[in-house]
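Asker: I have a structure I would like to understand better, so I am pasting it below and will then ask my questions one at a time.
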Amino acid sequence: MRAPVALCFAVASDVERWPAILRHYRFVRFRGEHARGTGRVEMSAWRDFAGPLRYPTWWLSDMRLDEKEPAIYFEHVEGITRGMQVKWSFQLHGRDATRVRITHEWAGPRWPLVGPAAWRFIIGPHFVSCIARRTLAGVAAEAERLQRR
């Protein structure tokens, strides 16, 4: 991202604003009491396919920020990706850019025999990665737009 680490982290961690800047997000809302960027957050995004075809996805995560690292952590606690660990990391890249990396750690759904294969061949590449790429691109576009201002 062509913006400073602090700005990229701020845009990415403001998840309640994601539906306004990311067209594929249906909604993001915290459940119950929460501090900025920390708490149980419900998210839903569209997975677009060819033409007008789209599939609604949904998950519930425990979210926490580490401003010193900086990093954003999510642990999926409900939804098909329950048990997934997600980390957004931010690293200075050159003088005026940030390398943002999203990692997903998960063994797949707890389905006997087919769970790991479902993750590796369907859920991971055709849902999680597709949504994550669009999210990362949208966060980058917003951070770069704010940087230009």
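Scheme for the structure tokens: letters A, B, ... for chains in order shown; per-chain residue numbers from 1; ligand numbers from 1 in order shown.
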Find the residues around region 2-5 of chain A up to 9 Å (only C-alpha atoms counted), leave out those fewer than 4 positions away in its own chain, and share them as a count of residues only.
Answerer: 21
Asker: Step one, run DSSP on the backbone; step two, keep only residues of chain A assigned to alpha helix (DSSP H); then write them as a count of residues only.
Answerer: 37
Asker: From the DSSP assignment of the backbone, select every residue of region 6-87 of chain A that is strand (DSSP E), and format the answer as a VMD selection string.
Answerer: chain A and resid 25 to 35 38 to 48 54 to 66 71 to 78 85 to 87
Asker: Write the residues of the selection above to a file with C-alpha atoms, as a compact mmCIF listing (two decimals), in the first residue's frame.
Answerer:
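The result, written out as again-v8.txt:
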```
# COMPACT_ATOMS: atom_id res chain seq x y z
CA TYR A 25 -19.14 -6.35 2.46
CA ARG A 26 -22.80 -6.71 3.40
CA PHE A 27 -22.36 -5.68 7.04
CA VAL A 28 -19.94 -5.55 9.96
CA ARG A 29 -21.14 -5.07 13.52
CA PHE A 30 -19.80 -5.63 16.98
CA ARG A 31 -21.87 -7.71 19.34
CA GLY A 32 -22.12 -6.50 22.91
CA GLU A 33 -19.63 -4.24 24.62
CA HIS A 34 -16.35 -3.59 22.88
CA ALA A 35 -13.39 -1.25 22.83
CA THR A 38 -11.49 -5.31 20.24
CA GLY A 39 -14.49 -7.53 20.79
CA ARG A 40 -16.79 -9.99 19.06
CA VAL A 41 -17.50 -8.84 15.52
CA GLU A 42 -20.04 -10.25 13.07
CA MET A 43 -19.14 -9.95 9.39
CA SER A 44 -20.82 -10.81 6.13
CA ALA A 45 -19.51 -10.40 2.61
CA TRP A 46 -20.58 -11.32 -0.89
CA ARG A 47 -18.54 -13.83 -2.86
CA ASP A 48 -19.15 -12.74 -6.44
CA ARG A 54 -23.15 -13.98 -5.78
CA TYR A 55 -23.12 -15.98 -2.58
CA PRO A 56 -23.51 -14.46 0.91
CA THR A 57 -20.86 -15.49 3.43
CA TRP A 58 -21.04 -14.95 7.19
CA TRP A 59 -18.77 -15.41 10.20
CA LEU A 60 -18.34 -14.27 13.79
CA SER A 61 -14.89 -13.48 15.14
CA ASP A 62 -13.15 -12.38 18.27
CA MET A 63 -11.06 -9.40 17.16
CA ARG A 64 -8.15 -7.72 18.89
CA LEU A 65 -5.64 -5.08 17.90
CA ASP A 66 -1.96 -4.97 18.75
CA ALA A 71 -1.31 -6.33 13.82
CA ILE A 72 -4.99 -7.20 13.78
CA TYR A 73 -6.03 -10.64 14.99
CA PHE A 74 -9.29 -12.46 14.35
CA GLU A 75 -10.34 -15.84 15.68
CA HIS A 76 -13.43 -17.17 13.92
CA VAL A 77 -15.80 -18.52 16.57
CA GLU A 78 -18.92 -19.20 14.48
CA GLN A 85 -6.93 -17.79 13.00
CA VAL A 86 -6.43 -14.65 10.89
CA LYS A 87 -3.65 -12.11 11.22
```
Asker: Using only C-alpha atoms, which protein or nucleic acid residues come within 12 Å of Ala137 (chain A)? Drop anything in the same chain fewer than 6 positions from it, and give the result as a list of chain:residue names.
Answerer: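 Contacts, in chain order: A:Met1, A:Arg2, A:Cys8, A:Val11, A:Ala12, A:Trp18, A:Ile21, A:Leu22, A:Arg23, A:His24, A:Val100, A:Arg101, A:Ile102, A:Cys130, A:Ile131, A:Ala143, A:Glu144.
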Asker: Would you save the residues of that selection, restricted to N, CA and C atoms, as a PDB file, in the first residue's frame?
Answerer:
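The new file out_34.pdb reads:
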```
ATOM      1  N   MET A   1       0.853  -1.168   0.000  1.00  0.00           N
ATOM      2  CA  MET A   1       0.000   0.000   0.000  1.00  0.00           C
ATOM      3  C   MET A   1       0.896   1.227   0.000  1.00  0.00           C
ATOM      4  N   ARG A   2       0.533   2.195  -0.805  1.00  0.00           N
ATOM      5  CA  ARG A   2       1.323   3.432  -0.898  1.00  0.00           C
ATOM      6  C   ARG A   2       0.823   4.448   0.128  1.00  0.00           C
ATOM      7  N   CYS A   8      -2.483   2.816   7.157  1.00  0.00           N
ATOM      8  CA  CYS A   8      -2.983   1.513   6.691  1.00  0.00           C
ATOM      9  C   CYS A   8      -3.594   0.737   7.847  1.00  0.00           C
ATOM     10  N   VAL A  11      -7.048   2.322   8.822  1.00  0.00           N
ATOM     11  CA  VAL A  11      -8.123   1.991   7.885  1.00  0.00           C
ATOM     12  C   VAL A  11      -8.535   0.525   8.058  1.00  0.00           C
ATOM     13  N   ALA A  12      -7.567  -0.362   8.134  1.00  0.00           N
ATOM     14  CA  ALA A  12      -7.879  -1.792   8.254  1.00  0.00           C
ATOM     15  C   ALA A  12      -8.559  -2.121   9.576  1.00  0.00           C
ATOM     16  N   TRP A  18     -15.932  -0.767   7.081  1.00  0.00           N
ATOM     17  CA  TRP A  18     -15.673  -1.548   5.872  1.00  0.00           C
ATOM     18  C   TRP A  18     -16.829  -1.561   4.878  1.00  0.00           C
ATOM     19  N   ILE A  21     -16.613   1.332   2.498  1.00  0.00           N
ATOM     20  CA  ILE A  21     -15.477   1.442   1.575  1.00  0.00           C
ATOM     21  C   ILE A  21     -15.231   0.165   0.770  1.00  0.00           C
ATOM     22  N   LEU A  22     -15.892  -0.924   1.155  1.00  0.00           N
ATOM     23  CA  LEU A  22     -15.711  -2.205   0.482  1.00  0.00           C
ATOM     24  C   LEU A  22     -17.066  -2.693  -0.018  1.00  0.00           C
ATOM     25  N   ARG A  23     -17.279  -2.608  -1.311  1.00  0.00           N
ATOM     26  CA  ARG A  23     -18.596  -2.923  -1.878  1.00  0.00           C
ATOM     27  C   ARG A  23     -19.029  -4.372  -1.648  1.00  0.00           C
ATOM     28  N   HIS A  24     -18.084  -5.264  -1.453  1.00  0.00           N
ATOM     29  CA  HIS A  24     -18.452  -6.671  -1.281  1.00  0.00           C
ATOM     30  C   HIS A  24     -18.864  -7.009   0.152  1.00  0.00           C
ATOM     31  N   VAL A 100       1.271  -5.141   3.619  1.00  0.00           N
ATOM     32  CA  VAL A 100       0.224  -5.704   4.471  1.00  0.00           C
ATOM     33  C   VAL A 100       0.041  -7.151   4.057  1.00  0.00           C
ATOM     34  N   ARG A 101       0.083  -8.017   5.032  1.00  0.00           N
ATOM     35  CA  ARG A 101      -0.066  -9.442   4.759  1.00  0.00           C
ATOM     36  C   ARG A 101      -1.200  -9.987   5.619  1.00  0.00           C
ATOM     37  N   ILE A 102      -2.078 -10.770   4.988  1.00  0.00           N
ATOM     38  CA  ILE A 102      -3.149 -11.445   5.708  1.00  0.00           C
ATOM     39  C   ILE A 102      -2.828 -12.941   5.685  1.00  0.00           C
ATOM     40  N   CYS A 130     -10.479 -15.218  -2.151  1.00  0.00           N
ATOM     41  CA  CYS A 130     -11.143 -14.240  -3.020  1.00  0.00           C
ATOM     42  C   CYS A 130     -11.641 -13.041  -2.221  1.00  0.00           C
ATOM     43  N   ILE A 131     -12.272 -13.294  -1.091  1.00  0.00           N
ATOM     44  CA  ILE A 131     -12.780 -12.198  -0.262  1.00  0.00           C
ATOM     45  C   ILE A 131     -11.627 -11.418   0.348  1.00  0.00           C
ATOM     46  N   ALA A 143      -6.745   3.740   2.003  1.00  0.00           N
ATOM     47  CA  ALA A 143      -5.551   4.300   2.651  1.00  0.00           C
ATOM     48  C   ALA A 143      -4.803   5.222   1.686  1.00  0.00           C
ATOM     49  N   GLU A 144      -4.688   4.812   0.448  1.00  0.00           N
ATOM     50  CA  GLU A 144      -4.006   5.649  -0.553  1.00  0.00           C
ATOM     51  C   GLU A 144      -4.797   6.906  -0.859  1.00  0.00           C
TER      52      GLU A 144
END
```
Asker: Would you compute the distance between CA of Arg82 (chain A) and CA of Pro116 (chain A)? Give it in Å to one decimal.
Answerer: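 These atoms are spaced 13.2 Å apart.
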Asker: Measuring atom to atom with only C-alpha atoms, identify which of A:Pro19, A:Gly51, A:Gly108, A:Gly94 is nearest to Ile123 (chain A).
Answerer: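 Of A:Pro19, A:Gly51, A:Gly108, A:Gly94, the one nearest Ile123 (chain A) is A:Gly108, counting only C-alpha atoms.
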Asker: Work out how far apart CA of Thr135 (chain A) and CA of Ala20 (chain A) are and give it in Å to one decimal.
Answerer: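 That distance, rounded to one decimal, is 12.0 Å.
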Asker: Mind giving me the straight-line distance from CA of Ser13 (chain A) to CA of Arg36 (chain A) in Å, one decimal?
Answerer: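 So the two atoms, CA of Ser13 (chain A) and CA of Arg36 (chain A), lie 8.5 Å apart.
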Asker: Which residues are close to Ala107 (chain A), i.e. within 8 Å by only C-alpha atoms, leaving aside same-chain residues fewer than 5 positions away? Reply as a PyMOL selection string.
Answerer: chain A and resi 84+115-116+119
Asker: Using only N, CA and C atoms, please write the residues we just selected to a file, as a CSV table (one decimal), in the first residue's frame.
Answerer:
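Writing the result to part38.csv gives the following:
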```
chain,number,residue,atom,x,y,z
A,84,MET,N,-10.7,-20.7,12.6
A,84,MET,CA,-9.7,-20.1,11.8
A,84,MET,C,-9.0,-19.0,12.5
A,115,GLY,N,-13.2,-32.6,5.4
A,115,GLY,CA,-13.0,-31.3,5.9
A,115,GLY,C,-11.7,-30.6,5.4
A,116,PRO,N,-10.6,-31.3,5.6
A,116,PRO,CA,-9.3,-30.7,5.1
A,116,PRO,C,-9.3,-30.5,3.6
A,119,TRP,N,-11.4,-27.4,2.7
A,119,TRP,CA,-10.7,-26.2,2.9
A,119,TRP,C,-9.7,-25.9,1.8
```
